[in-house]
>>> print(open('protein_10.cif').read())   # mmCIF, C-alpha atoms
data_entry
loop_
_atom_site.group_PDB
_atom_site.id
_atom_site.type_symbol
_atom_site.label_atom_id
_atom_site.label_comp_id
_atom_site.auth_asym_id
_atom_site.auth_seq_id
_atom_site.Cartn_x
_atom_site.Cartn_y
_atom_site.Cartn_z
ATOM 1 C CA MET A 36 -35.530 27.503 15.432
ATOM 2 C CA ALA A 37 -32.057 25.989 15.409
ATOM 3 C CA VAL A 38 -29.751 27.530 18.016
ATOM 4 C CA LEU A 39 -26.446 26.811 19.730
ATOM 5 C CA HIS A 40 -25.640 27.473 23.377
ATOM 6 C CA ILE A 41 -22.141 28.853 23.904
ATOM 7 C CA ARG A 42 -20.195 29.168 27.169
ATOM 8 C CA VAL A 43 -16.917 31.023 27.480
ATOM 9 C CA VAL A 44 -14.671 32.407 30.217
ATOM 10 C CA SER A 45 -13.594 35.945 29.456
ATOM 11 C CA PRO A 46 -10.673 37.750 31.099
ATOM 12 C CA PRO A 47 -12.223 40.615 33.130
ATOM 13 C CA ALA A 48 -10.392 43.233 31.043
ATOM 14 C CA ASP A 49 -11.883 41.857 27.810
ATOM 15 C CA THR A 50 -15.439 41.288 29.031
ATOM 16 C CA PRO A 51 -16.814 44.802 28.285
ATOM 17 C CA ARG A 52 -15.608 44.622 24.682
ATOM 18 C CA LEU A 53 -16.983 41.093 24.277
ATOM 19 C CA VAL A 54 -20.373 41.966 25.727
ATOM 20 C CA SER A 55 -20.565 45.096 23.581
ATOM 21 C CA ARG A 56 -20.094 43.041 20.425
ATOM 22 C CA LEU A 57 -22.551 40.343 21.454
ATOM 23 C CA ARG A 58 -25.275 42.809 22.420
ATOM 24 C CA THR A 59 -25.280 44.360 18.954
ATOM 25 C CA ASP A 60 -25.433 41.045 17.087
ATOM 26 C CA PRO A 61 -29.037 40.319 15.988
ATOM 27 C CA GLY A 62 -28.446 36.562 16.124
ATOM 28 C CA ILE A 63 -27.701 36.535 19.885
ATOM 29 C CA LEU A 64 -30.288 35.426 22.452
ATOM 30 C CA ASN A 65 -30.266 35.134 26.235
ATOM 31 C CA LEU A 66 -26.937 36.813 26.937
ATOM 32 C CA VAL A 67 -25.908 36.133 30.550
ATOM 33 C CA VAL A 68 -22.769 37.604 32.170
ATOM 34 C CA SER A 69 -21.573 36.470 35.607
ATOM 35 C CA PRO A 70 -18.593 38.614 36.701
ATOM 36 C CA GLY A 71 -15.893 36.668 38.517
ATOM 37 C CA ALA A 72 -17.902 33.428 38.406
ATOM 38 C CA ALA A 73 -15.170 31.370 36.723
ATOM 39 C CA VAL A 74 -12.723 30.053 39.318
ATOM 40 C CA PRO A 75 -9.125 28.975 38.600
ATOM 41 C CA SER A 76 -8.764 25.379 37.457
ATOM 42 C CA THR A 77 -6.019 23.253 39.003
ATOM 43 C CA ALA A 78 -7.058 19.885 37.574
ATOM 44 C CA GLY A 79 -4.596 17.971 35.392
ATOM 45 C CA THR A 80 -0.924 18.528 34.801
ATOM 46 C CA GLY A 81 -1.166 21.518 32.449
ATOM 47 C CA PRO A 82 -0.966 25.222 33.317
ATOM 48 C CA GLU A 83 -3.542 26.596 35.688
ATOM 49 C CA ALA A 84 -6.558 28.084 33.873
ATOM 50 C CA PRO A 85 -6.974 31.732 34.930
ATOM 51 C CA PRO A 86 -10.122 33.066 36.640
ATOM 52 C CA GLY A 87 -12.515 35.250 34.722
ATOM 53 C CA ASP A 88 -16.084 36.213 33.937
ATOM 54 C CA ALA A 89 -18.542 33.521 32.863
ATOM 55 C CA VAL A 90 -20.381 34.518 29.683
ATOM 56 C CA GLN A 91 -23.207 32.396 28.255
ATOM 57 C CA PHE A 92 -25.506 33.048 25.344
ATOM 58 C CA ASP A 93 -27.562 31.396 22.632
ATOM 59 C CA VAL A 94 -26.942 32.098 18.963
ATOM 60 C CA ALA A 95 -28.992 31.242 15.910
ATOM 61 C CA THR A 96 -27.166 28.548 13.961
ATOM 62 C CA ALA A 97 -27.371 30.657 10.805
ATOM 63 C CA ALA A 98 -25.431 33.419 12.596
ATOM 64 C CA ALA A 99 -22.913 31.209 14.433
ATOM 65 C CA ASN A 100 -19.917 31.420 12.070
ATOM 66 C CA PRO A 101 -19.262 35.174 12.436
ATOM 67 C CA VAL A 102 -19.904 35.025 16.195
ATOM 68 C CA LEU A 103 -17.351 32.237 16.698
ATOM 69 C CA ALA A 104 -14.898 34.140 14.498
ATOM 70 C CA GLN A 105 -15.276 37.200 16.723
ATOM 71 C CA LEU A 106 -14.607 35.120 19.845
ATOM 72 C CA ARG A 107 -11.364 33.906 18.294
ATOM 73 C CA GLU A 108 -10.378 37.418 17.231
ATOM 74 C CA LEU A 109 -10.800 38.562 20.824
ATOM 75 C CA GLY A 110 -8.603 35.680 22.007
ATOM 76 C CA ILE A 111 -11.332 34.208 24.204
ATOM 77 C CA ASP A 112 -10.164 30.697 23.332
ATOM 78 C CA ALA A 113 -6.597 31.344 24.543
ATOM 79 C CA GLY A 114 -7.113 30.593 28.246
ATOM 80 C CA ARG A 115 -10.074 28.182 28.215
ATOM 81 C CA PRO A 116 -11.979 26.336 25.483
ATOM 82 C CA ILE A 117 -15.118 27.686 23.857
ATOM 83 C CA VAL A 118 -17.888 25.233 24.731
ATOM 84 C CA VAL A 119 -20.680 24.808 22.178
ATOM 85 C CA GLU A 120 -23.867 22.819 22.774
ATOM 86 C CA THR A 121 -26.485 21.997 20.155
ATOM 87 C CA ILE A 122 -30.018 22.822 21.299
ATOM 88 C CA ASP A 123 -32.743 20.570 19.917
ATOM 89 C CA ALA A 124 -35.417 23.270 19.929
ATOM 90 C CA ALA A 125 -35.964 26.883 20.981
ATOM 91 C CA LEU A 126 -39.434 28.359 21.421
ATOM 92 C CA VAL A 127 -39.772 31.934 20.227
ATOM 93 C CA ASP A 128 -42.946 33.978 20.577
ATOM 94 C CA GLY A 129 -43.263 36.381 17.659
ATOM 95 C CA PRO A 130 -41.588 36.784 14.274
ATOM 96 C CA ARG A 131 -38.017 35.677 13.800
ATOM 97 C CA ARG A 132 -35.350 38.255 13.290
ATOM 98 C CA PRO A 133 -33.861 38.393 9.783
ATOM 99 C CA ALA A 134 -30.486 37.068 10.949
ATOM 100 C CA TRP A 135 -32.114 33.900 12.202
ATOM 101 C CA ARG A 136 -33.536 32.944 8.841
ATOM 102 C CA PRO A 137 -31.848 30.332 6.653
ATOM 103 C CA VAL A 138 -29.909 32.067 3.905
ATOM 104 C CA PHE A 139 -30.464 29.718 0.969
ATOM 105 C CA HIS A 140 -33.620 27.731 0.177
ATOM 106 C CA GLY A 141 -34.335 26.989 3.819
ATOM 107 C CA ASP A 142 -30.767 26.022 4.664
ATOM 108 C CA HIS A 143 -27.880 27.814 6.362
ATOM 109 C CA ALA A 144 -24.114 27.639 6.236
ATOM 110 C CA PRO A 145 -22.500 24.818 8.212
ATOM 111 C CA VAL A 146 -20.907 25.886 11.476
ATOM 112 C CA TRP A 147 -17.371 25.250 10.308
ATOM 113 C CA ASP A 148 -15.764 25.190 13.745
ATOM 114 C CA LEU A 149 -18.133 22.383 14.737
ATOM 115 C CA VAL A 150 -17.496 20.481 11.491
ATOM 116 C CA TYR A 151 -13.724 20.540 11.969
ATOM 117 C CA ALA A 152 -14.016 19.778 15.693
ATOM 118 C CA LYS A 153 -16.164 16.716 14.934
ATOM 119 C CA ILE A 154 -13.677 15.444 12.335
ATOM 120 C CA ALA A 155 -10.742 16.029 14.682
ATOM 121 C CA ASP A 156 -12.546 14.265 17.528
ATOM 122 C CA ASP A 157 -13.284 11.236 15.333
ATOM 123 C CA ALA A 158 -9.633 11.093 14.226
ATOM 124 C CA SER A 159 -8.514 9.523 17.506
ATOM 125 C CA TYR A 160 -6.438 6.559 16.435
ATOM 126 C CA THR A 161 -6.666 4.362 19.507
ATOM 127 C CA PRO A 162 -5.842 0.630 19.513
ATOM 128 C CA SER A 163 -9.545 -0.049 18.912
ATOM 129 C CA PHE A 164 -9.277 1.767 15.557
ATOM 130 C CA PHE A 165 -6.662 -0.694 14.328
ATOM 131 C CA ALA A 166 -8.502 -3.633 15.904
ATOM 132 C CA LEU A 167 -11.702 -2.728 14.052
ATOM 133 C CA LEU A 168 -9.776 -2.416 10.794
ATOM 134 C CA ILE A 169 -8.320 -5.909 11.315
ATOM 135 C CA PHE A 170 -11.705 -7.371 12.258
ATOM 136 C CA ALA A 171 -13.241 -5.794 9.166
ATOM 137 C CA GLY A 172 -10.527 -7.387 7.027
ATOM 138 C CA LEU A 173 -11.236 -10.824 8.528
ATOM 139 C CA ILE A 174 -14.965 -10.468 7.929
ATOM 140 C CA GLY A 175 -14.250 -9.339 4.379
ATOM 141 C CA ALA A 176 -12.026 -12.377 3.810
ATOM 142 C CA CYS A 177 -14.838 -14.689 4.911
ATOM 143 C CA GLY A 178 -17.179 -12.911 2.526
ATOM 144 C CA ILE A 179 -14.727 -13.295 -0.365
ATOM 145 C CA LEU A 180 -14.060 -16.986 0.283
ATOM 146 C CA THR A 181 -17.764 -17.829 0.643
ATOM 147 C CA ASN A 182 -18.985 -15.397 -2.056
ATOM 148 C CA SER A 183 -21.212 -13.770 0.557
ATOM 149 C CA GLN A 184 -22.204 -10.182 -0.185
ATOM 150 C CA ILE A 185 -23.810 -9.967 3.261
ATOM 151 C CA LEU A 186 -20.455 -10.527 4.941
ATOM 152 C CA ILE A 187 -18.865 -7.910 2.667
ATOM 153 C CA VAL A 188 -21.490 -5.423 3.856
ATOM 154 C CA GLY A 189 -20.707 -6.459 7.440
ATOM 155 C CA ALA A 190 -17.044 -5.676 6.841
ATOM 156 C CA MET A 191 -18.029 -2.268 5.481
ATOM 157 C CA VAL A 192 -20.014 -1.489 8.629
ATOM 158 C CA VAL A 193 -17.131 -2.410 10.934
ATOM 159 C CA GLY A 194 -14.415 -0.539 9.000
ATOM 160 C CA PRO A 195 -13.451 2.755 10.723
ATOM 161 C CA GLU A 196 -11.042 4.007 8.051
ATOM 162 C CA TYR A 197 -13.106 6.948 6.824
ATOM 163 C CA SER A 198 -12.282 8.978 9.929
ATOM 164 C CA ALA A 199 -8.610 8.892 8.893
ATOM 165 C CA ILE A 200 -9.421 9.551 5.223
ATOM 166 C CA ILE A 201 -11.484 12.674 5.943
ATOM 167 C CA SER A 202 -8.857 13.844 8.451
ATOM 168 C CA VAL A 203 -6.238 13.763 5.693
ATOM 169 C CA ALA A 204 -8.639 15.667 3.426
ATOM 170 C CA VAL A 205 -9.105 18.338 6.100
ATOM 171 C CA GLY A 206 -5.347 18.594 6.546
ATOM 172 C CA ILE A 207 -4.928 19.180 2.802
ATOM 173 C CA GLU A 208 -7.766 21.710 2.712
ATOM 174 C CA ARG A 209 -6.327 23.636 5.673
ATOM 175 C CA ARG A 210 -2.696 23.119 4.606
ATOM 176 C CA ASP A 211 -1.878 21.310 7.834
ATOM 177 C CA GLY A 212 1.039 19.037 6.998
ATOM 178 C CA GLN A 213 1.108 17.428 10.432
ATOM 179 C CA THR A 214 -2.516 16.277 10.163
ATOM 180 C CA VAL A 215 -1.945 14.976 6.641
ATOM 181 C CA GLY A 216 1.171 13.048 7.644
ATOM 182 C CA ARG A 217 -0.460 11.556 10.736
ATOM 183 C CA GLY A 218 -3.554 10.462 8.845
ATOM 184 C CA LEU A 219 -1.578 8.901 5.985
ATOM 185 C CA LEU A 220 0.666 7.050 8.437
ATOM 186 C CA VAL A 221 -2.374 5.664 10.233
ATOM 187 C CA LEU A 222 -3.923 4.531 6.953
ATOM 188 C CA VAL A 223 -0.722 2.805 5.836
ATOM 189 C CA VAL A 224 -0.136 1.096 9.187
ATOM 190 C CA GLY A 225 -3.808 0.202 9.640
ATOM 191 C CA PHE A 226 -4.307 -1.332 6.219
ATOM 192 C CA ALA A 227 -0.931 -3.090 6.400
ATOM 193 C CA ALA A 228 -1.914 -4.662 9.720
ATOM 194 C CA ALA A 229 -5.334 -5.668 8.385
ATOM 195 C CA ILE A 230 -3.788 -7.234 5.266
ATOM 196 C CA ALA A 231 -1.113 -9.063 7.270
ATOM 197 C CA VAL A 232 -3.558 -10.581 9.768
ATOM 198 C CA THR A 233 -6.049 -11.440 7.023
ATOM 199 C CA LEU A 234 -3.271 -13.069 5.002
ATOM 200 C CA ALA A 235 -2.334 -15.233 7.983
ATOM 201 C CA PHE A 236 -5.983 -16.184 8.404
ATOM 202 C CA ALA A 237 -6.370 -17.109 4.722
ATOM 203 C CA LEU A 238 -3.171 -19.192 4.796
ATOM 204 C CA CYS A 239 -4.495 -21.088 7.823
ATOM 205 C CA ILE A 240 -7.808 -21.762 6.052
ATOM 206 C CA ARG A 241 -5.957 -23.033 2.988
ATOM 207 C CA ALA A 242 -3.574 -25.219 5.000
ATOM 208 C CA ALA A 243 -6.422 -26.709 7.027
ATOM 209 C CA GLY A 244 -8.299 -27.639 3.849
ATOM 210 C CA HIS A 245 -11.401 -25.612 4.689
ATOM 211 C CA THR A 246 -11.470 -23.499 1.528
ATOM 212 C CA PRO A 247 -14.989 -23.449 0.026
ATOM 213 C CA LYS A 248 -15.215 -25.627 -3.083
ATOM 214 C CA LEU A 249 -16.613 -22.885 -5.306
ATOM 215 C CA TYR A 250 -13.678 -20.620 -4.506
ATOM 216 C CA LEU A 251 -11.225 -23.427 -5.336
ATOM 217 C CA ARG A 252 -12.987 -23.983 -8.669
ATOM 218 C CA GLY A 253 -12.535 -20.320 -9.576
ATOM 219 C CA VAL A 254 -16.146 -19.297 -9.020
ATOM 220 C CA ARG A 255 -15.356 -15.980 -7.325
ATOM 221 C CA PRO A 256 -17.927 -13.311 -8.254
ATOM 222 C CA VAL A 257 -17.293 -11.201 -5.156
ATOM 223 C CA SER A 258 -13.522 -11.262 -5.560
ATOM 224 C CA ASP A 259 -13.743 -10.606 -9.305
ATOM 225 C CA LEU A 260 -15.866 -7.531 -8.682
ATOM 226 C CA ILE A 261 -13.392 -6.147 -6.138
ATOM 227 C CA ASN A 262 -10.134 -6.757 -8.009
ATOM 228 C CA SER A 263 -11.306 -5.330 -11.325
ATOM 229 C CA PRO A 264 -11.096 -1.513 -11.055
ATOM 230 C CA ASN A 265 -12.808 0.351 -13.882
ATOM 231 C CA LEU A 266 -14.629 3.579 -14.704
ATOM 232 C CA PHE A 267 -17.433 2.719 -12.302
ATOM 233 C CA SER A 268 -14.920 2.429 -9.465
ATOM 234 C CA VAL A 269 -13.897 6.038 -10.109
ATOM 235 C CA VAL A 270 -17.499 7.243 -10.333
ATOM 236 C CA LEU A 271 -18.409 5.457 -7.112
ATOM 237 C CA ALA A 272 -15.448 6.875 -5.199
ATOM 238 C CA VAL A 273 -16.127 10.427 -6.410
ATOM 239 C CA VAL A 274 -19.842 10.294 -5.607
ATOM 240 C CA ALA A 275 -19.197 8.629 -2.246
ATOM 241 C CA GLY A 276 -16.661 11.310 -1.371
ATOM 242 C CA LEU A 277 -19.098 14.100 -2.221
ATOM 243 C CA VAL A 278 -21.949 12.473 -0.294
ATOM 244 C CA SER A 279 -19.785 12.016 2.780
ATOM 245 C CA VAL A 280 -18.528 15.607 2.804
ATOM 246 C CA VAL A 281 -22.025 17.048 2.403
ATOM 247 C CA SER A 282 -23.332 14.755 5.145
ATOM 248 C CA LEU A 283 -20.545 15.760 7.521
ATOM 249 C CA THR A 284 -20.985 19.485 6.973
ATOM 250 C CA LEU A 285 -24.759 19.249 7.388
ATOM 251 C CA ALA A 286 -24.383 17.028 10.483
ATOM 252 C CA ARG A 287 -26.361 14.262 8.784
ATOM 253 C CA ALA A 288 -23.714 11.545 8.729
ATOM 254 C CA SER A 289 -24.924 8.057 9.573
ATOM 255 C CA THR A 290 -23.732 4.493 9.482
ATOM 256 C CA LEU A 291 -25.093 4.237 5.943
ATOM 257 C CA ILE A 292 -22.536 6.818 4.819
ATOM 258 C CA GLY A 293 -19.747 4.740 6.351
ATOM 259 C CA VAL A 294 -21.005 1.695 4.488
ATOM 260 C CA PHE A 295 -21.136 3.573 1.199
ATOM 261 C CA ILE A 296 -17.635 4.957 1.699
ATOM 262 C CA SER A 297 -16.137 1.580 2.547
ATOM 263 C CA VAL A 298 -17.350 -0.148 -0.604
ATOM 264 C CA THR A 299 -13.921 -0.473 -2.180
ATOM 265 C CA THR A 300 -11.491 0.035 0.708
ATOM 266 C CA ILE A 301 -11.936 -2.728 3.284
ATOM 267 C CA PRO A 302 -13.073 -5.316 0.696
ATOM 268 C CA ALA A 303 -10.057 -4.473 -1.485
ATOM 269 C CA ALA A 304 -7.650 -4.872 1.436
ATOM 270 C CA ALA A 305 -9.197 -8.235 2.316
ATOM 271 C CA ASP A 306 -8.998 -9.383 -1.300
ATOM 272 C CA ILE A 307 -5.294 -8.491 -1.470
ATOM 273 C CA ALA A 308 -4.616 -10.831 1.433
ATOM 274 C CA VAL A 309 -6.823 -13.682 0.195
ATOM 275 C CA SER A 310 -5.457 -13.470 -3.360
ATOM 276 C CA ILE A 311 -1.851 -13.631 -2.121
ATOM 277 C CA ALA A 312 -2.679 -16.604 0.103
ATOM 278 C CA TYR A 313 -4.020 -18.517 -2.902
ATOM 279 C CA GLY A 314 -1.341 -17.396 -5.355
ATOM 280 C CA GLY A 315 -3.578 -15.021 -7.284
ATOM 281 C CA TRP A 316 -0.984 -12.347 -7.985
ATOM 282 C CA ARG A 317 -2.947 -10.714 -10.798
ATOM 283 C CA GLU A 318 -5.999 -10.441 -8.546
ATOM 284 C CA ALA A 319 -3.830 -9.053 -5.729
ATOM 285 C CA ARG A 320 -2.471 -6.370 -8.055
ATOM 286 C CA GLY A 321 -5.987 -5.454 -9.161
ATOM 287 C CA SER A 322 -7.190 -5.154 -5.572
ATOM 288 C CA THR A 323 -4.146 -3.033 -4.686
ATOM 289 C CA VAL A 324 -4.961 -0.646 -7.533
ATOM 290 C CA GLN A 325 -8.581 -0.587 -6.382
ATOM 291 C CA LEU A 326 -7.584 0.250 -2.802
ATOM 292 C CA LEU A 327 -5.100 2.994 -3.718
ATOM 293 C CA LEU A 328 -7.422 4.463 -6.341
ATOM 294 C CA ASN A 329 -10.380 4.757 -4.015
ATOM 295 C CA VAL A 330 -8.526 5.977 -0.938
ATOM 296 C CA GLY A 331 -6.767 8.586 -3.071
ATOM 297 C CA LEU A 332 -9.987 9.748 -4.714
ATOM 298 C CA LEU A 333 -11.818 9.928 -1.395
ATOM 299 C CA ILE A 334 -9.069 12.146 0.027
ATOM 300 C CA VAL A 335 -8.902 14.456 -2.996
ATOM 301 C CA VAL A 336 -12.678 14.727 -3.367
ATOM 302 C CA GLY A 337 -13.010 15.322 0.379
ATOM 303 C CA ALA A 338 -10.515 18.195 0.314
ATOM 304 C CA LEU A 339 -12.050 19.764 -2.797
ATOM 305 C CA GLY A 340 -15.564 19.276 -1.433
ATOM 306 C CA LEU A 341 -14.764 21.064 1.822
ATOM 307 C CA ARG A 342 -13.051 23.943 0.040
ATOM 308 C CA GLY A 343 -15.854 24.195 -2.524
ATOM 309 C CA GLN A 344 -18.561 24.319 0.131
ATOM 310 C CA ARG A 345 -16.746 27.043 2.040
ATOM 311 C CA MET A 346 -16.445 29.142 -1.119
ATOM 312 C CA ILE A 347 -20.092 28.612 -2.084
ATOM 313 C CA TRP A 348 -21.437 29.462 1.355
ATOM 314 C CA ARG A 349 -19.162 32.481 1.632
ATOM 315 C CA ARG A 350 -20.694 33.887 -1.550
ATOM 316 C CA LEU A 351 -24.237 33.044 -0.490
ATOM 317 C CA THR A 352 -23.911 34.676 2.921
ATOM 318 C CA GLN A 353 -22.321 37.796 1.452
ATOM 319 C CA SER A 354 -24.934 38.231 -1.268
#
>>> encode(input="protein_10.cif", output="structure tokens")
Amino acid sequence: MAVLHIRVVSPPADTPRLVSRLRTDPGILNLVVSPGAAVPSTAGTGPEAPPGDAVQFDVATAAANPVLAQLRELGIDAGRPIVVETIDAALVDGPRRPAWRPVFHGDHAPVWDLVYAKIADDASYTPSFFALLIFAGLIGACGILTNSQILIVGAMVVGPEYSAIISVAVGIERRDGQTVGRGLLVLVVGFAAAIAVTLAFALCIRAAGHTPKLYLRGVRPVSDLINSPNLFSVVLAVVAGLVSVVSLTLARASTLIGVFISVTTIPAAADIAVSIAYGGWREARGSTVQLLLNVGLLIVVGALGLRGQRMIWRRLTQS
């Protein structure tokens, strides 16, 4: 049985009401209340966290959304964070209660607070984020110049841009202008930096006379594929966006999803730089269209996919 372990600190005045609600919820297991066990926190430079009662319990994953909503309604998250741990397995002797059962063909609604927390945690745009984007562009440039699909795949693996793309999608879905603006700024700055560094690299390769002969002769199958957006580019971006959103909400994301998502983002950015370095302005324009088209579609499909899943699961859980 899939369960979550939740720890909160409740103000003493609110604890009776909180415990009363939790005790009547059929999805709650192992409710433990320790009055006065939470001591004031003085760590850090922020305001001192108030003392309170420590409350811990397990909740069936299928019943987690309404329980977390109740905690927020009671204001439990105002003084200290709500801590949620995923439990790998829980042994239960006897039949499961109805509330624990998956609600639709063996599945249950995603725990939306965890989905959004995971996306927000991944959207930490540290210097390493921009460094990885630049490294991915350089690897992609090598793949384009040598017509190596293996190196293109390597660039896809390294590229971290999907964390910013899905963050923008979440901001649109939740109407959070600040998140949208921050994510778009990061994408613009990140791709601009990757293109600039990759352009400098390609110019150095050209000046040093180390350009592969096939590329000089115009034999550029990898580049031609990237800088020629068409109907299949749209289909790929839409399907990739849907796959990524479903994987994120079901907590089944993997490196393979990142590779699939990056098919026409990092390679397109690298091809812009390489094409400019070798005077291929038509190819650079095509790659620019490819990059903007796919990033835009991934954002829109991500936002619509999140909103659609919430609506579908809301109907399923209410039926």
>>> resolve_selection(input="protein_10.cif", expression="the PyMOL selection byres ((chain A and resi 214-228) around 10)", output="PyMOL selection string")
chain A and resi 155+158+160+164-169+172+196-213+229-234+300-301+304-305+308+326+330
>>> atom_distance(input="protein_10.cif", atom1="atom CA of Thr121 of chain A", atom2="atom CA of Ala37 of chain A")
8.3 Å
>>> closest_residue(input="protein_10.cif", among="A:Asn100, A:Leu249, A:Gly62, A:Arg52", to="Val150 of chain A", atoms="all atoms listed in the file")
A:Asn100
>>> axis_aligned_box(input="protein_10.cif", around="segment 274-278 of chain A", padding_each_side="6 Å", output="JSON")
{"center_x": -19.3, "center_y": 11.4, "center_z": -3.0, "size_x": 17.3, "size_y": 17.5, "size_z": 17.3}
>>> resolve_selection(input="protein_10.cif", expression="the PyMOL selection byres ((chain A and resi 105) around 12)", output="PyMOL selection string")
chain A and resi 52-57+60+98-104+106-112+117
>>> residues_around(input="protein_10.cif", residues="Pro256 of chain A", least_positions_apart="4", cutoff="10 Å", atoms="all atoms listed in the file", output="mmCIF file with C-alpha atoms, keeping the file's coordinate frame")
data_model
loop_
_atom_site.group_PDB
_atom_site.id
_atom_site.type_symbol
_atom_site.label_atom_id
_atom_site.label_comp_id
_atom_site.auth_asym_id
_atom_site.auth_seq_id
_atom_site.Cartn_x
_atom_site.Cartn_y
_atom_site.Cartn_z
ATOM 1 C CA ILE A 179 -14.727 -13.295 -0.365
ATOM 2 C CA THR A 181 -17.764 -17.829 0.643
ATOM 3 C CA ASN A 182 -18.985 -15.397 -2.056
ATOM 4 C CA SER A 183 -21.212 -13.770 0.557
ATOM 5 C CA GLN A 184 -22.204 -10.182 -0.185
ATOM 6 C CA TYR A 250 -13.678 -20.620 -4.506
ATOM 7 C CA LEU A 260 -15.866 -7.531 -8.682
ATOM 8 C CA ILE A 261 -13.392 -6.147 -6.138
#
>>> atom_distance(input="protein_10.cif", atom1="atom CA of Ala319 of chain A", atom2="atom CA of Ala176 of chain A")
13.0 Å
>>> closest_residue(input="protein_10.cif", among="A:Thr246, A:Leu277, A:Ala97, A:Ile187", to="Arg342 of chain A", atoms="all atoms listed in the file")
A:Leu277
>>> residues_around(input="protein_10.cif", residues="Thr284 of chain A", least_positions_apart="6", cutoff="8 Å", atoms="all atoms listed in the file", output="PDB file with C-alpha atoms, keeping the file's coordinate frame")
ATOM      1  CA  PRO A 145     -22.500  24.818   8.212  1.00  0.00           C
ATOM      2  CA  VAL A 146     -20.907  25.886  11.476  1.00  0.00           C
ATOM      3  CA  TRP A 147     -17.371  25.250  10.308  1.00  0.00           C
ATOM      4  CA  VAL A 150     -17.496  20.481  11.491  1.00  0.00           C
TER       5      VAL A 150
END
>>> atom_distance(input="protein_10.cif", atom1="atom CA of Val335 of chain A", atom2="atom CA of Asp157 of chain A")
19.1 Å
>>> closest_residue(input="protein_10.cif", among="A:Arg255, A:Lys153, A:Arg42, A:His143", to="Leu283 of chain A", atoms="all atoms listed in the file")
A:Lys153
